[in-house]
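Below is query_22.tsv, which holds TSV, C-alpha atoms (C1' of nucleotides).
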chain	number	residue	atom	x	y	z
A	1	MET	CA	-20.97	-37.02	-29.45
A	2	PRO	CA	-20.66	-35.50	-25.99
A	3	GLN	CA	-19.38	-32.02	-25.08
A	4	ALA	CA	-20.88	-30.20	-28.08
A	5	ILE	CA	-23.42	-27.89	-26.53
A	6	THR	CA	-25.67	-26.65	-29.24
A	7	HIS	CA	-27.98	-23.72	-29.52
A	8	GLU	CA	-31.06	-25.34	-28.08
A	9	SER	CA	-29.15	-25.89	-24.89
A	10	LEU	CA	-27.86	-22.34	-24.77
A	11	SER	CA	-31.32	-20.91	-24.13
A	12	GLN	CA	-31.78	-23.69	-21.58
A	13	ARG	CA	-28.59	-22.74	-19.77
A	14	LEU	CA	-29.53	-19.11	-19.83
A	15	ALA	CA	-32.97	-19.87	-18.45
A	16	ASP	CA	-31.38	-21.98	-15.71
A	17	SER	CA	-29.49	-18.90	-14.63
A	18	GLY	CA	-32.57	-16.73	-14.86
A	19	LEU	CA	-31.28	-15.04	-18.00
A	20	ARG	CA	-32.98	-14.40	-21.30
A	21	SER	CA	-32.13	-15.76	-24.68
A	22	THR	CA	-31.35	-12.99	-27.13
A	23	PRO	CA	-30.12	-12.95	-30.71
A	24	GLN	CA	-26.93	-11.27	-29.58
A	25	ARG	CA	-26.13	-14.01	-27.09
A	26	GLU	CA	-26.98	-16.71	-29.60
A	27	VAL	CA	-24.79	-15.26	-32.31
A	28	VAL	CA	-21.86	-14.52	-30.00
A	29	TYR	CA	-21.96	-18.09	-28.81
A	30	SER	CA	-22.31	-19.52	-32.31
A	31	VAL	CA	-19.34	-17.50	-33.46
A	32	LEU	CA	-17.23	-18.97	-30.67
A	33	LEU	CA	-18.31	-22.48	-31.58
A	34	LYS	CA	-17.72	-22.00	-35.29
A	35	LYS	CA	-14.08	-20.90	-35.13
A	36	ARG	CA	-12.34	-22.09	-32.00
A	37	ASP	CA	-9.23	-19.99	-32.29
A	38	HIS	CA	-9.51	-18.23	-28.94
A	39	PRO	CA	-10.63	-14.89	-30.34
A	40	THR	CA	-10.51	-11.64	-28.41
A	41	ALA	CA	-13.62	-9.57	-27.77
A	42	ASP	CA	-12.71	-7.37	-30.71
A	43	GLU	CA	-12.39	-10.37	-32.99
A	44	VAL	CA	-15.71	-11.74	-31.81
A	45	PHE	CA	-17.20	-8.30	-32.41
A	46	ALA	CA	-15.94	-8.29	-36.00
A	47	ARG	CA	-17.30	-11.78	-36.67
A	48	VAL	CA	-20.66	-11.16	-35.09
A	49	LYS	CA	-21.14	-7.99	-37.10
A	50	GLY	CA	-21.46	-10.15	-40.18
A	51	GLU	CA	-24.75	-11.45	-38.82
A	52	LEU	CA	-25.82	-8.59	-36.58
A	53	PRO	CA	-24.39	-5.45	-38.13
A	54	THR	CA	-25.76	-3.15	-35.44
A	55	ILE	CA	-24.42	-4.98	-32.40
A	56	SER	CA	-22.20	-2.90	-30.14
A	57	LEU	CA	-18.86	-3.79	-28.66
A	58	ALA	CA	-20.28	-3.29	-25.17
A	59	THR	CA	-22.88	-5.93	-25.93
A	60	VAL	CA	-20.23	-8.33	-27.11
A	61	TYR	CA	-18.46	-7.84	-23.79
A	62	ASN	CA	-21.75	-8.35	-21.96
A	63	CYS	CA	-22.59	-11.52	-23.88
A	64	LEU	CA	-19.15	-13.00	-23.41
A	65	GLU	CA	-19.33	-12.31	-19.69
A	66	THR	CA	-22.75	-13.94	-19.58
A	67	LEU	CA	-21.49	-17.05	-21.36
A	68	VAL	CA	-18.60	-17.26	-18.93
A	69	GLN	CA	-21.04	-17.00	-16.01
A	70	CYS	CA	-23.11	-19.84	-17.47
A	71	ASP	CA	-20.00	-22.01	-17.72
A	72	LEU	CA	-20.34	-22.34	-21.45
A	73	VAL	CA	-17.15	-20.47	-22.21
A	74	ARG	CA	-13.80	-19.99	-20.51
A	75	ALA	CA	-12.00	-16.66	-20.42
A	76	VAL	CA	-8.29	-17.05	-20.97
A	77	ASN	CA	-5.55	-14.52	-20.26
A	78	PHE	CA	-1.90	-14.42	-21.21
A	79	GLU	CA	0.14	-11.81	-19.49
A	80	ARG	CA	-1.80	-8.61	-19.91
A	81	GLY	CA	-3.00	-9.28	-23.41
A	82	PRO	CA	-6.66	-8.98	-24.27
A	83	THR	CA	-8.88	-11.69	-22.83
A	84	ARG	CA	-9.55	-14.59	-25.16
A	85	TYR	CA	-12.58	-16.82	-25.19
A	86	CYS	CA	-12.72	-20.59	-25.42
A	87	PRO	CA	-15.85	-22.77	-25.71
A	88	ASN	CA	-13.97	-25.99	-25.00
A	89	LEU	CA	-15.52	-27.45	-21.86
A	90	ARG	CA	-13.27	-30.46	-21.46
A	91	PRO	CA	-10.51	-30.21	-18.88
A	92	HIS	CA	-7.65	-28.72	-20.81
A	93	ALA	CA	-4.59	-26.54	-20.58
A	94	HIS	CA	-3.51	-23.81	-22.96
A	95	PHE	CA	-0.38	-23.71	-25.02
A	96	HIS	CA	0.61	-20.21	-26.01
A	97	ASP	CA	2.81	-20.18	-29.10
A	98	VAL	CA	5.18	-17.29	-28.66
A	99	GLN	CA	6.10	-17.25	-32.36
A	100	THR	CA	2.65	-17.04	-33.85
A	101	GLY	CA	0.71	-15.74	-30.85
A	102	ARG	CA	-1.74	-18.59	-31.37
A	103	THR	CA	-3.30	-20.54	-28.56
A	104	HIS	CA	-3.82	-24.28	-28.63
A	105	ASP	CA	-5.94	-26.42	-26.35
A	106	VAL	CA	-4.15	-29.32	-24.71
A	107	ASP	CA	-6.54	-31.94	-23.38
A	108	LEU	CA	-5.54	-33.32	-20.03
A	109	PRO	CA	-5.69	-36.89	-18.76
A	110	PRO	CA	-8.60	-37.25	-16.35
A	111	ASP	CA	-6.50	-37.49	-13.21
A	112	LEU	CA	-3.93	-34.79	-13.91
A	113	LEU	CA	-5.73	-31.87	-12.37
A	114	ASP	CA	-6.37	-33.79	-9.15
A	115	GLN	CA	-2.76	-34.88	-9.15
A	116	VAL	CA	-1.66	-31.28	-9.46
A	117	LYS	CA	-4.12	-30.18	-6.80
A	118	SER	CA	-2.62	-32.74	-4.45
A	119	VAL	CA	0.52	-30.65	-4.10
A	120	LEU	CA	-1.43	-27.99	-2.23
A	121	PRO	CA	-0.56	-27.78	1.47
A	122	ASP	CA	-3.28	-28.07	4.09
A	123	GLY	CA	-5.44	-25.01	4.31
A	124	PHE	CA	-5.59	-24.38	0.60
A	125	ASP	CA	-8.78	-25.37	-1.12
A	126	ALA	CA	-8.67	-24.79	-4.88
A	127	ASN	CA	-11.80	-24.83	-6.95
A	128	SER	CA	-9.91	-24.26	-10.16
A	129	VAL	CA	-6.51	-25.04	-11.57
A	130	GLU	CA	-5.20	-23.36	-14.66
A	131	ILE	CA	-2.20	-24.59	-16.60
A	132	ILE	CA	-0.50	-22.47	-19.21
A	133	PHE	CA	2.35	-23.61	-21.40
A	134	ARG	CA	4.50	-21.19	-23.32
A	135	GLY	CA	6.80	-22.10	-26.15
A	136	LYS	CA	6.76	-22.87	-29.80
A	137	ALA	CA	4.74	-25.42	-31.67
A	138	THR	CA	7.07	-27.09	-34.13
A	139	THR	CA	4.24	-28.70	-36.05
A	140	PRO	CA	2.41	-26.03	-38.01
A	141	ALA	CA	-0.70	-28.05	-37.10
A	142	CYS	CA	-4.24	-26.68	-36.86
B	1	MET	CA	20.97	-20.90	2.43
B	2	PRO	CA	20.35	-21.17	-1.30
B	3	GLN	CA	17.92	-19.15	-3.42
B	4	ALA	CA	18.36	-15.86	-1.58
B	5	ILE	CA	19.99	-13.62	-4.14
B	6	THR	CA	21.36	-10.63	-2.39
B	7	HIS	CA	22.34	-7.20	-3.54
B	8	GLU	CA	25.91	-7.97	-4.47
B	9	SER	CA	24.61	-10.50	-6.93
B	10	LEU	CA	22.07	-8.08	-8.36
B	11	SER	CA	24.76	-5.83	-9.79
B	12	GLN	CA	26.46	-8.97	-11.05
B	13	ARG	CA	23.32	-10.12	-12.81
B	14	LEU	CA	22.80	-6.71	-14.28
B	15	ALA	CA	26.39	-6.57	-15.52
B	16	ASP	CA	25.97	-10.02	-17.06
B	17	SER	CA	23.13	-8.61	-19.12
B	18	GLY	CA	25.11	-5.50	-20.02
B	19	LEU	CA	23.01	-3.35	-17.72
B	20	ARG	CA	24.04	-0.89	-15.04
B	21	SER	CA	23.46	-1.05	-11.35
B	22	THR	CA	21.48	1.96	-10.22
B	23	PRO	CA	20.01	3.01	-6.87
B	24	GLN	CA	16.53	2.71	-8.34
B	25	ARG	CA	17.07	-0.88	-9.45
B	26	GLU	CA	18.68	-1.78	-6.14
B	27	VAL	CA	15.87	-0.34	-4.07
B	28	VAL	CA	13.10	-1.78	-6.24
B	29	TYR	CA	14.69	-5.19	-5.88
B	30	SER	CA	15.24	-4.85	-2.14
B	31	VAL	CA	11.63	-3.86	-1.66
B	32	LEU	CA	10.52	-7.02	-3.45
B	33	LEU	CA	12.79	-9.13	-1.28
B	34	LYS	CA	11.71	-7.48	1.94
B	35	LYS	CA	7.98	-8.06	1.66
B	36	ARG	CA	7.11	-10.96	-0.59
B	37	ASP	CA	3.42	-10.33	-0.91
B	38	HIS	CA	3.31	-10.10	-4.72
B	39	PRO	CA	2.91	-6.34	-4.88
B	40	THR	CA	1.70	-4.47	-7.94
B	41	ALA	CA	3.83	-1.81	-9.61
B	42	ASP	CA	1.85	0.84	-7.73
B	43	GLU	CA	2.53	-0.85	-4.43
B	44	VAL	CA	6.22	-1.15	-5.22
B	45	PHE	CA	6.19	2.52	-6.17
B	46	ALA	CA	4.72	3.48	-2.79
B	47	ARG	CA	7.26	1.38	-0.90
B	48	VAL	CA	10.25	2.56	-2.86
B	49	LYS	CA	9.29	6.21	-2.34
B	50	GLY	CA	10.14	5.76	1.32
B	51	GLU	CA	13.78	5.43	0.34
B	52	LEU	CA	13.85	7.31	-2.94
B	53	PRO	CA	11.18	9.99	-2.69
B	54	THR	CA	11.78	11.35	-6.18
B	55	ILE	CA	11.52	8.09	-8.11
B	56	SER	CA	8.88	8.03	-10.81
B	57	LEU	CA	6.30	5.38	-11.53
B	58	ALA	CA	7.72	4.96	-15.04
B	59	THR	CA	11.06	4.10	-13.50
B	60	VAL	CA	9.47	1.54	-11.25
B	61	TYR	CA	7.95	-0.08	-14.33
B	62	ASN	CA	11.32	0.06	-16.04
B	63	CYS	CA	13.16	-1.46	-13.11
B	64	LEU	CA	10.62	-4.23	-12.65
B	65	GLU	CA	10.85	-5.07	-16.33
B	66	THR	CA	14.63	-5.12	-16.05
B	67	LEU	CA	14.52	-7.49	-13.08
B	68	VAL	CA	12.18	-9.78	-14.97
B	69	GLN	CA	14.56	-9.76	-17.94
B	70	CYS	CA	17.44	-10.72	-15.63
B	71	ASP	CA	15.41	-13.65	-14.27
B	72	LEU	CA	15.51	-12.30	-10.75
B	73	VAL	CA	11.79	-11.69	-10.57
B	74	ARG	CA	8.68	-13.28	-12.02
B	75	ALA	CA	5.75	-11.27	-13.31
B	76	VAL	CA	2.44	-12.82	-12.35
B	77	ASN	CA	-1.00	-12.09	-13.77
B	78	PHE	CA	-4.45	-13.05	-12.63
B	79	GLU	CA	-7.21	-12.39	-15.10
B	80	ARG	CA	-6.72	-8.82	-16.19
B	81	GLY	CA	-5.65	-7.48	-12.83
B	82	PRO	CA	-2.49	-5.44	-12.48
B	83	THR	CA	0.72	-7.40	-12.88
B	84	ARG	CA	2.26	-8.61	-9.62
B	85	TYR	CA	5.92	-9.26	-8.95
B	86	CYS	CA	7.49	-12.22	-7.23
B	87	PRO	CA	11.18	-12.68	-6.33
B	88	ASN	CA	10.76	-16.38	-5.51
B	89	LEU	CA	13.03	-18.26	-7.90
B	90	ARG	CA	12.17	-21.77	-6.84
B	91	PRO	CA	9.76	-23.70	-9.07
B	92	HIS	CA	6.40	-22.80	-7.67
B	93	ALA	CA	2.76	-22.27	-8.50
B	94	HIS	CA	0.49	-19.47	-7.36
B	95	PHE	CA	-2.60	-19.77	-5.25
B	96	HIS	CA	-4.95	-16.87	-5.68
B	97	ASP	CA	-7.25	-16.45	-2.70
B	98	VAL	CA	-10.51	-15.16	-4.07
B	99	GLN	CA	-11.67	-13.99	-0.65
B	100	THR	CA	-8.74	-11.85	0.33
B	101	GLY	CA	-7.20	-11.25	-3.09
B	102	ARG	CA	-3.89	-12.43	-1.67
B	103	THR	CA	-1.45	-14.57	-3.58
B	104	HIS	CA	0.48	-17.44	-2.03
B	105	ASP	CA	3.46	-19.30	-3.42
B	106	VAL	CA	3.09	-23.07	-3.57
B	107	ASP	CA	6.40	-24.82	-3.93
B	108	LEU	CA	6.32	-27.72	-6.33
B	109	PRO	CA	7.96	-31.14	-6.05
B	110	PRO	CA	10.98	-31.29	-8.36
B	111	ASP	CA	9.41	-33.57	-10.93
B	112	LEU	CA	5.95	-32.06	-11.16
B	113	LEU	CA	6.60	-29.55	-13.90
B	114	ASP	CA	8.21	-32.21	-16.10
B	115	GLN	CA	5.34	-34.52	-15.36
B	116	VAL	CA	2.90	-31.85	-16.42
B	117	LYS	CA	4.95	-31.06	-19.52
B	118	SER	CA	4.77	-34.72	-20.48
B	119	VAL	CA	1.11	-34.37	-21.37
B	120	LEU	CA	2.02	-32.16	-24.33
B	121	PRO	CA	1.47	-33.84	-27.68
B	122	ASP	CA	4.30	-34.09	-30.19
B	123	GLY	CA	5.10	-30.81	-31.84
B	124	PHE	CA	4.66	-28.72	-28.72
B	125	ASP	CA	7.84	-27.60	-27.05
B	126	ALA	CA	7.19	-25.65	-23.87
B	127	ASN	CA	9.88	-23.61	-22.22
B	128	SER	CA	7.65	-22.57	-19.37
B	129	VAL	CA	4.72	-23.97	-17.46
B	130	GLU	CA	2.60	-21.81	-15.24
B	131	ILE	CA	0.16	-23.22	-12.72
B	132	ILE	CA	-2.46	-21.06	-11.06
B	133	PHE	CA	-4.81	-22.23	-8.35
B	134	ARG	CA	-7.90	-20.28	-7.41
B	135	GLY	CA	-9.89	-20.80	-4.25
B	136	LYS	CA	-9.87	-19.92	-0.63
B	137	ALA	CA	-7.21	-20.49	1.92
B	138	THR	CA	-8.91	-21.79	5.04
B	139	THR	CA	-5.87	-21.24	7.21
B	140	PRO	CA	-5.39	-17.51	7.73
B	141	ALA	CA	-1.67	-18.39	7.47
B	142	CYS	CA	1.15	-16.02	6.45
C	1	DA	C1'	39.89	15.78	-12.96
C	2	DT	C1'	36.96	16.40	-17.36
C	3	DA	C1'	34.64	15.86	-21.61
C	4	DT	C1'	32.03	12.58	-23.91
C	5	DC	C1'	28.52	9.29	-25.13
C	6	DG	C1'	25.28	6.01	-24.26
C	7	DA	C1'	22.31	4.32	-20.64
C	8	DT	C1'	18.86	5.63	-17.36
C	9	DT	C1'	15.45	8.37	-15.27
C	10	DT	C1'	11.71	11.41	-15.41
C	11	DA	C1'	7.04	13.75	-16.13
C	12	DG	C1'	3.52	13.76	-18.71
C	13	DA	C1'	1.01	12.42	-22.84
C	14	DA	C1'	-0.81	8.51	-25.24
C	15	DT	C1'	-2.73	3.92	-25.68
C	16	DA	C1'	-5.48	-0.29	-25.17
C	17	DA	C1'	-8.83	-3.04	-23.12
C	18	DT	C1'	-12.52	-2.92	-20.52
C	19	DT	C1'	-16.25	-1.04	-17.61
C	20	DC	C1'	-19.63	2.28	-16.51
C	21	DC	C1'	-23.65	5.08	-17.41
C	22	DA	C1'	-28.08	6.66	-18.74
C	23	DA	C1'	-31.33	6.17	-22.22
C	24	DT	C1'	-33.65	3.23	-25.40
C	25	DT	C1'	-35.37	-1.21	-26.77
C	26	DA	C1'	-36.54	-6.05	-26.41
C	27	DT	C1'	-38.30	-10.16	-24.05
C	28	DC	C1'	-41.31	-13.01	-21.27
C	29	DG	C1'	-45.23	-13.91	-18.30
C	30	DG	C1'	-49.82	-13.10	-17.50
D	1	DC	C1'	-51.15	-7.34	-26.09
D	2	DC	C1'	-49.19	-4.88	-21.81
D	3	DG	C1'	-46.26	-4.04	-18.31
D	4	DA	C1'	-42.27	-5.09	-15.59
D	5	DT	C1'	-37.77	-6.26	-15.93
D	6	DA	C1'	-33.71	-7.41	-18.45
D	7	DA	C1'	-30.72	-6.42	-22.22
D	8	DT	C1'	-28.63	-3.45	-25.58
D	9	DT	C1'	-26.49	0.67	-27.08
D	10	DG	C1'	-23.07	4.62	-27.81
D	11	DG	C1'	-20.20	7.21	-25.63
D	12	DA	C1'	-17.69	8.67	-21.69
D	13	DA	C1'	-14.70	7.08	-18.02
D	14	DT	C1'	-11.28	4.15	-15.98
D	15	DT	C1'	-7.08	1.51	-15.27
D	16	DA	C1'	-2.73	-0.24	-16.08
D	17	DT	C1'	0.79	0.33	-18.84
D	18	DT	C1'	3.79	2.15	-22.57
D	19	DC	C1'	5.68	5.84	-25.13
D	20	DT	C1'	8.24	10.12	-25.83
D	21	DA	C1'	11.46	13.56	-25.50
D	22	DA	C1'	14.25	15.95	-22.47
D	23	DA	C1'	17.25	15.97	-18.52
D	24	DT	C1'	20.66	13.48	-15.87
D	25	DC	C1'	23.81	10.12	-14.71
D	26	DG	C1'	27.99	7.03	-14.94
D	27	DA	C1'	31.87	4.85	-16.86
D	28	DT	C1'	35.62	5.58	-19.87
D	29	DA	C1'	39.21	7.85	-22.47
D	30	DT	C1'	41.84	11.78	-22.33
Do you think you could lay out the structure here as structure tokens?
Amino acid sequence: MPQAITHESLSQRLADSGLRSTPQREVVYSVLLKKRDHPTADEVFARVKGELPTISLATVYNCLETLVQCDLVRAVNFERGPTRYCPNLRPHAHFHDVQTGRTHDVDLPPDLLDQVKSVLPDGFDANSVEIIFRGKATTPAC
Amino acid sequence: MPQAITHESLSQRLADSGLRSTPQREVVYSVLLKKRDHPTADEVFARVKGELPTISLATVYNCLETLVQCDLVRAVNFERGPTRYCPNLRPHAHFHDVQTGRTHDVDLPPDLLDQVKSVLPDGFDANSVEIIFRGKATTPAC
DNA sequence: ATATCGATTTAGAATAATTCCAATTATCGG
DNA sequence: CCGATAATTGGAATTATTCTAAATCGATAT
């Protein structure tokens, strides 16, 4: 089973970046892994409080930012809504369901991002490509 | 010369949506057409003041929103930065230059968006696809 | 022309998400 | 176990945007 980065490796990743492992970081990350519904910082805050009742919202923001820095989590934005957080590390796009407000991951075929990058004219060197779909999901799936 | 929608057609578009043509809407739109550098609402405000010194920021927001509703302008967001406005109606992606903060339009081959849409699993019906590149533009072009 | 009525503009207050700050507390290496 | 440094905390500050209520405008019917 690839792609599942578990707790042991979190402290490793942190150490690699010269950062410390803390309970707050561990729990924030575990909460993201447990329910992958692209929660906002507020939602993460609420969930983490179950385990760490004294954690502050500022810390949740700090931890999320740290996880993003370590490339364990992606920050996702739709319009100017609150930032959402996604621990899916595979290449994927996001589908934003305008009816429900829910966000779904859409895995991408291995070559698609390169294919898309190939439309860039000379002189443009992209180190990331983001693809966002908007519409409605007819299947009430996951 | 296609794609250039001029003032006459603005009042038409507004009328089509049951909206009125006003000096504020005209000038906001003309400012977007004149300098296509993806300005923020504040920047539009500053530019419009040259012609309409008494316009308010709230009105600029209102006008921009109206133009977006009429499909004459696209609102563009990068992370949680201020919304930027783009009067380019051709299918295009955005390249966000992380060095300069500037945004460049990247026109897309006619079939690319459909091709990208084709990766959606059954049950997902997208009515828009947004593609954002991030990186640096080596050419100091436009 | 003029009164009317809804649409539009306006200034300023309010909101929402996030960041900043200064003080306290925790963690890791020696 | 101690000290240096990093992380956490609560609250204030910031930023972009939206809301609100009043004033003004514009098209239409008279």
| What residues in chain B have any atom no more than 6 Å from chain A when counting all atoms listed in the file, and can you write them as a VMD selection string? | chain B and resid 77 79 123 to 139
Output as JSON lines one row per residue of chain C within 9 Å of chain B: the closest atom pair and its distance in Å to one decimal place, counting all atoms listed in the file, sorted by chain and residue number ascending.
{"residue": "C:DA7", "atom": "C1'", "partner": "B:Arg20", "partner_atom": "CA", "distance": 7.8}
{"residue": "C:DT8", "atom": "C1'", "partner": "B:Thr22", "partner_atom": "CA", "distance": 8.4}
{"residue": "C:DT9", "atom": "C1'", "partner": "B:Thr59", "partner_atom": "CA", "distance": 6.4}
{"residue": "C:DT10", "atom": "C1'", "partner": "B:Ser56", "partner_atom": "CA", "distance": 6.4}
{"residue": "C:DA11", "atom": "C1'", "partner": "B:Ser56", "partner_atom": "CA", "distance": 8.0}
| said: Would you pick out the contacts of segment 26-32 of chain B at 10 Å or less, using all atoms listed in the file, so that residues sharing its chain but fewer than 4 positions from it are not included, and give the list as a PyMOL selection string? | reply: chain B and resi 6-8+10-11+21-22+36-39+41+43-45+47-52+59-61+63-64+67+72-73+85-88
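In this model, the gap between atom CA of Ser9 of chain A and atom CA of Asp105 of chain A comes to 23.3 Å.
Going from atom CA of Ser17 of chain A to atom CA of Cys70 of chain A covers 7.0 Å.
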